[in-house]
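Peer 1: My questions all concern the structure below.
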Amino acid sequence: MGRGARRIDVTRRSPRLRRHRRCHSPVVEELVFREIPFARLRHVLSTRVAFALSCLVFGVIHLRGLDEWPLAILYIGFSAALATAYLLSKRNLLVSITAHVLWNGTGLVSLVFMAA
C-alpha cells in the first residue's frame, strides 16, 4: 500500500482528521496562495502576475499524478474564483478562507452521499 493510500484510509476512519483536512488545510492554502503572492510579494509581482502564478501553482499542486492533468482546469478555475473573491473583498483573507472551507465541505458531503 502506498503512502497516499494509507493517509486516505486513516482520514476515513478518523473524524478529527477529516475536520482538520476540511478546515485547516484551506487556511494554510489561502495563506500560501493568496496572502504571500498578493500581499507579501506586492512590491515584487504585479497583481496580474501574482493572480496567474498563484492559480497555476494551486492547480498543479492539487494533482496527485500526471494522469489527473485535466483536473488542473477545475483547480485553476476554483483558484481564480478564490483569488477574485480575495481581491474584490479588498484583500480580506477571511472571505477566500470561508469560500474554500465551504467548497471542501460541499465536496465532502457529495462524496458521502455518492458512497451511500
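Letters for chains follow the order of the C-alpha cells (A, B, ...), residue numbers begin at 1 for each chain, and ligand numbers begin at 1 in the order shown.
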Enumerate as a PyMOL selection string all residues of segment 29-72 of chain A assigned to alpha helix (DSSP H) by DSSP on the backbone, naming them with the chain letters and numbers the document uses.

Peer 2: chain A and resi 29-30+47-61+71-72

Peer 1: With N, CA and C atoms kept, could you save the residues just selected as a PDB file, in the first residue's frame?

Peer 2:
ATOM      1  N   GLU A  29      -3.669  26.907   2.841  1.00  0.00           N
ATOM      2  CA  GLU A  29      -3.605  27.143   1.393  1.00  0.00           C
ATOM      3  C   GLU A  29      -3.901  28.597   1.049  1.00  0.00           C
ATOM      4  N   GLU A  30      -4.847  29.202   1.715  1.00  0.00           N
ATOM      5  CA  GLU A  30      -5.154  30.603   1.423  1.00  0.00           C
ATOM      6  C   GLU A  30      -4.013  31.521   1.860  1.00  0.00           C
ATOM      7  N   THR A  47      -0.195  42.509  -9.691  1.00  0.00           N
ATOM      8  CA  THR A  47      -1.391  41.748  -9.307  1.00  0.00           C
ATOM      9  C   THR A  47      -1.722  40.694 -10.356  1.00  0.00           C
ATOM     10  N   ARG A  48      -1.594  41.031 -11.623  1.00  0.00           N
ATOM     11  CA  ARG A  48      -1.897  40.067 -12.694  1.00  0.00           C
ATOM     12  C   ARG A  48      -0.949  38.875 -12.674  1.00  0.00           C
ATOM     13  N   VAL A  49       0.326  39.148 -12.483  1.00  0.00           N
ATOM     14  CA  VAL A  49       1.308  38.059 -12.422  1.00  0.00           C
ATOM     15  C   VAL A  49       1.061  37.201 -11.188  1.00  0.00           C
ATOM     16  N   ALA A  50       0.796  37.825 -10.051  1.00  0.00           N
ATOM     17  CA  ALA A  50       0.502  37.082  -8.825  1.00  0.00           C
ATOM     18  C   ALA A  50      -0.750  36.228  -9.004  1.00  0.00           C
ATOM     19  N   PHE A  51      -1.762  36.783  -9.656  1.00  0.00           N
ATOM     20  CA  PHE A  51      -3.010  36.061  -9.922  1.00  0.00           C
ATOM     21  C   PHE A  51      -2.730  34.812 -10.751  1.00  0.00           C
ATOM     22  N   ALA A  52      -2.061  34.994 -11.878  1.00  0.00           N
ATOM     23  CA  ALA A  52      -1.783  33.873 -12.783  1.00  0.00           C
ATOM     24  C   ALA A  52      -0.894  32.824 -12.121  1.00  0.00           C
ATOM     25  N   LEU A  53       0.137  33.282 -11.455  1.00  0.00           N
ATOM     26  CA  LEU A  53       1.082  32.368 -10.824  1.00  0.00           C
ATOM     27  C   LEU A  53       0.429  31.576  -9.692  1.00  0.00           C
ATOM     28  N   SER A  54      -0.324  32.251  -8.849  1.00  0.00           N
ATOM     29  CA  SER A  54      -0.952  31.541  -7.728  1.00  0.00           C
ATOM     30  C   SER A  54      -1.996  30.539  -8.219  1.00  0.00           C
ATOM     31  N   CYS A  55      -2.758  30.893  -9.255  1.00  0.00           N
ATOM     32  CA  CYS A  55      -3.764  29.965  -9.796  1.00  0.00           C
ATOM     33  C   CYS A  55      -3.100  28.748 -10.435  1.00  0.00           C
ATOM     34  N   LEU A  56      -2.046  28.974 -11.177  1.00  0.00           N
ATOM     35  CA  LEU A  56      -1.346  27.878 -11.841  1.00  0.00           C
ATOM     36  C   LEU A  56      -0.712  26.929 -10.819  1.00  0.00           C
ATOM     37  N   VAL A  57      -0.023  27.478  -9.844  1.00  0.00           N
ATOM     38  CA  VAL A  57       0.626  26.640  -8.829  1.00  0.00           C
ATOM     39  C   VAL A  57      -0.425  25.897  -8.003  1.00  0.00           C
ATOM     40  N   PHE A  58      -1.517  26.582  -7.641  1.00  0.00           N
ATOM     41  CA  PHE A  58      -2.608  25.946  -6.894  1.00  0.00           C
ATOM     42  C   PHE A  58      -3.152  24.757  -7.678  1.00  0.00           C
ATOM     43  N   GLY A  59      -3.378  24.952  -8.976  1.00  0.00           N
ATOM     44  CA  GLY A  59      -3.910  23.874  -9.805  1.00  0.00           C
ATOM     45  C   GLY A  59      -2.978  22.691  -9.896  1.00  0.00           C
ATOM     46  N   VAL A  60      -1.714  22.955 -10.113  1.00  0.00           N
ATOM     47  CA  VAL A  60      -0.737  21.874 -10.275  1.00  0.00           C
ATOM     48  C   VAL A  60      -0.499  21.136  -8.963  1.00  0.00           C
ATOM     49  N   ILE A  61      -0.449  21.853  -7.869  1.00  0.00           N
ATOM     50  CA  ILE A  61      -0.128  21.227  -6.587  1.00  0.00           C
ATOM     51  C   ILE A  61      -1.245  20.303  -6.096  1.00  0.00           C
ATOM     52  N   LEU A  71      -7.852  17.649 -14.530  1.00  0.00           N
ATOM     53  CA  LEU A  71      -8.442  18.255 -13.337  1.00  0.00           C
ATOM     54  C   LEU A  71      -7.802  19.595 -12.990  1.00  0.00           C
ATOM     55  N   ALA A  72      -6.626  19.840 -13.538  1.00  0.00           N
ATOM     56  CA  ALA A  72      -5.952  21.121 -13.282  1.00  0.00           C
ATOM     57  C   ALA A  72      -6.844  22.280 -13.713  1.00  0.00           C
TER      58      ALA A  72
END

Peer 1: When you look at segment 78-89 of chain A with a cut-off of 7 Å (counting only C-alpha atoms), what residues show up, excluding the ones that are within fewer than 3 positions of it in the same chain? I need them as a PDB file with N, CA and C atoms, in the first residue's frame.

Peer 2:
ATOM      1  N   ARG A  34      -2.834  33.120  -1.468  1.00  0.00           N
ATOM      2  CA  ARG A  34      -3.401  34.465  -1.550  1.00  0.00           C
ATOM      3  C   ARG A  34      -2.521  35.475  -0.819  1.00  0.00           C
ATOM      4  N   PHE A  51      -1.762  36.783  -9.656  1.00  0.00           N
ATOM      5  CA  PHE A  51      -3.010  36.061  -9.922  1.00  0.00           C
ATOM      6  C   PHE A  51      -2.730  34.812 -10.751  1.00  0.00           C
ATOM      7  N   CYS A  55      -2.758  30.893  -9.255  1.00  0.00           N
ATOM      8  CA  CYS A  55      -3.764  29.965  -9.796  1.00  0.00           C
ATOM      9  C   CYS A  55      -3.100  28.748 -10.435  1.00  0.00           C
ATOM     10  N   PHE A  58      -1.517  26.582  -7.641  1.00  0.00           N
ATOM     11  CA  PHE A  58      -2.608  25.946  -6.894  1.00  0.00           C
ATOM     12  C   PHE A  58      -3.152  24.757  -7.678  1.00  0.00           C
ATOM     13  N   LEU A  74     -10.087  22.474 -13.472  1.00  0.00           N
ATOM     14  CA  LEU A  74     -11.030  22.700 -12.368  1.00  0.00           C
ATOM     15  C   LEU A  74     -10.344  23.428 -11.211  1.00  0.00           C
ATOM     16  N   TYR A  75      -9.173  22.950 -10.840  1.00  0.00           N
ATOM     17  CA  TYR A  75      -8.453  23.558  -9.723  1.00  0.00           C
ATOM     18  C   TYR A  75      -8.014  24.990 -10.035  1.00  0.00           C
ATOM     19  N   ASN A  92      -9.351  40.770   1.810  1.00  0.00           N
ATOM     20  CA  ASN A  92      -9.785  40.184   3.078  1.00  0.00           C
ATOM     21  C   ASN A  92      -9.631  38.669   2.973  1.00  0.00           C
ATOM     22  N   LEU A  93      -8.645  38.135   3.649  1.00  0.00           N
ATOM     23  CA  LEU A  93      -8.327  36.712   3.567  1.00  0.00           C
ATOM     24  C   LEU A  93      -9.449  35.831   4.104  1.00  0.00           C
ATOM     25  N   VAL A  95     -12.560  36.049   3.566  1.00  0.00           N
ATOM     26  CA  VAL A  95     -13.530  35.770   2.502  1.00  0.00           C
ATOM     27  C   VAL A  95     -13.109  34.534   1.711  1.00  0.00           C
ATOM     28  N   SER A  96     -11.854  34.492   1.268  1.00  0.00           N
ATOM     29  CA  SER A  96     -11.412  33.342   0.485  1.00  0.00           C
ATOM     30  C   SER A  96     -11.286  32.092   1.356  1.00  0.00           C
TER      31      SER A  96
END

Peer 1: Figure out the distance between atom CA of Val28 of chain A and atom CA of Pro70 of chain A, please, to one decimal in Å.

Peer 2: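 Separating atom CA of Pro70 of chain A from atom CA of Val28 of chain A is a distance of 24.5 Å.
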
Peer 1: For Leu31 of chain A, find every residue with an atom within 10 Å (counting only C-alpha atoms), except residues of its own chain fewer than 6 positions away, and show them as a ChimeraX atom specification.

Peer 2: /A:25,37-39,93,96-97
